[in-house]
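Chemist: Could you have a look at this structure, given as structure tokens, before my questions?
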Amino acid sequence: MAALLTDLAPRRLAQGDLRSDLDLTAPELVALLDLTIQLKRNPGRYATALKGRYLSLLFEKPSLRTRITFELAIKQLGGDAILSTGPIGEREPLRDVARNLDRWTHGIVARTFSQQTVEELAQWSSVPVINALSDRFHPCQALADMVTLKERFGAFRGLKLAFIGDGNNVAHSLMLQLSRLGADFAIATPQGHEPEPGIVAQARSFAWETGAKFEVCRDPYEAVRGAHAVYTDVWASMGQEAEAEQRKANFAGYQVSENVMAAAREDAIFMHCLPAKRGQEVTDAVMEFPRSVVFDQAENRLHAQKALLLMLLP
Ligand code: CP
Ligand code: NVA
């Protein structure tokens with residue numbers, strides 16, 4: 001029993017916030033994945049860890065998975081959450097919002113249009129701030145995805161994930177976490193939709209440290225060659241609705257179809273953060289594919305966020 005308790009003891013994150021994937025060191029990321037898998041096996045553990053603690057959930061954008069899984073995770077750990085939807089920092093400066101919330105609640109989970117909003121909340125708040133998706137990062141999604149890959153394949157070294165489509169927030173978080181963990185990463189995007197050069201440079205430096213391969217290219221078939229996992233996301237993210245029609249044209253040829261999946265490894269899995277637009281970035285057949293793990297990813301949001309909360313609010 002003592003060994004079990006030691007195994008499960010959550011490690012405190014040095015940074016104190018999860019503004020982006022860059023706030024997690026490689027050992028912290030590994031510890032978080034291990035704790036997630038243990039919590040998934042034993043969901044009753046830490047049922048009172050957040051007793052008497054409250055978190056502010058601030059959502060400027062819609063959400064199904066992130067909102068429900070954060071509320072559930074907080075409640076399953078014995079705490080409670082208060083939700084506020086709508087613009088953040090419009091009625092008053094962000095530095096004032098942060099200094100109100102930290103007087104009442106023990107942590108802030110924020111889904112924002114701008115990464116700058118997350119940064120300012122973290123700068124001005126004395127309690128942990130968690131990025132629940134911004135225009136540039138979606139670290140909680142990538143954590144759940146790392147858990148899903150670990151469950152399927154065991155190890156990250158030698159594993160390859162190919163991302164097809166927009167070089168967006170989800171792609172950024174995936175490339176940072178995978179390269180930290182030593183997995184190979186390839187991304188194929190149309191011209192003008194590449195991931196941010198600064199984030200690519202950071203991910204490349206992690207890949208160099210871990211000996212992983214890292215590729216940015218145009219051709220989806222080139223990207224998926226030898227891939228264990230093929231990942232895609234919507235072509236127009238939240239906040240880009242006005243560009244949706246133009247983007248449909250720009251992304252022609254970037255749909256993950258059965259042909260694209262057939263060009264990956266024979267046992268390749270299909271991944272998507274959801275919500276998906278069937279018929280655009282992915283076909284209905286691939287979404288319903290026996291090796292589509294999209295609902296495993298969604299389930300793992302709950303377990304990974306429980307581990308994250310335990311490591312940020314010990
Ligand atoms: N994947 C994800 O973050 O889903 P929601 O937008 O529904 O939260
Ligand atoms: N890239 C998508 C992810 C949704 C979970 C968006 O930002 O809308």
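Labels for the structure tokens follow display order: chains A, B, ..., residues from 1 in each chain, ligands from 1.
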Give me the residues within 10 Å of Val127 (chain A) as number ranges by chain, counting only C-alpha atoms and dropping any in the same chain fewer than 6 places off.
Modeler: A: 16-17, 55, 98-99, 101-103, 105-108, 121, 312-313
Chemist: Using only C-alpha atoms and all ligand atoms, determine which residues fall within 8 Å of ligand 1, then list them as a PyMOL selection string.
Modeler: chain A and resi 62-68+132-133+138+140-141+273-275+298
Chemist: Using only C-alpha atoms and all ligand atoms, which protein or nucleic acid residues are at most 12 Å from ligand 2, as a PyMOL selection string?
Modeler: chain A and resi 60-67+111-115+132-142+165-174+232-241+244+272-277+281+297-298+301
Chemist: Pick out the residues sitting within 9 Å of Gln305 (chain A), and hand them over as number ranges by chain; count only C-alpha atoms, and ignore anything fewer than 3 positions along from it in its own chain.
Modeler: A: 36, 69-70, 73-74, 140, 143-144, 300-302, 308-310
Chemist: Taking the DSSP secondary structure from the backbone, can you list the residues of region 125-206 of chain A that are alpha helix (DSSP H), as number ranges by chain?
Modeler: A: 139-153, 169-181, 197-206
Chemist: Would you mind writing down, as a ChimeraX atom specification, each residue of region 96-299 of chain A that DSSP on the backbone assigns to strand (DSSP E)?
Modeler: /A:107-111,129-131,160-164,184-188,214-217,229-232,269-272
Chemist: Taking 6 positions as the minimum chain separation for residues in the same chain, which residues sit within 12 Å of Gly154 (chain A) when counting only C-alpha atoms? Answer as an NGL selection string.
Modeler: :A and (33-34 or 37 or 146-148 or 183)
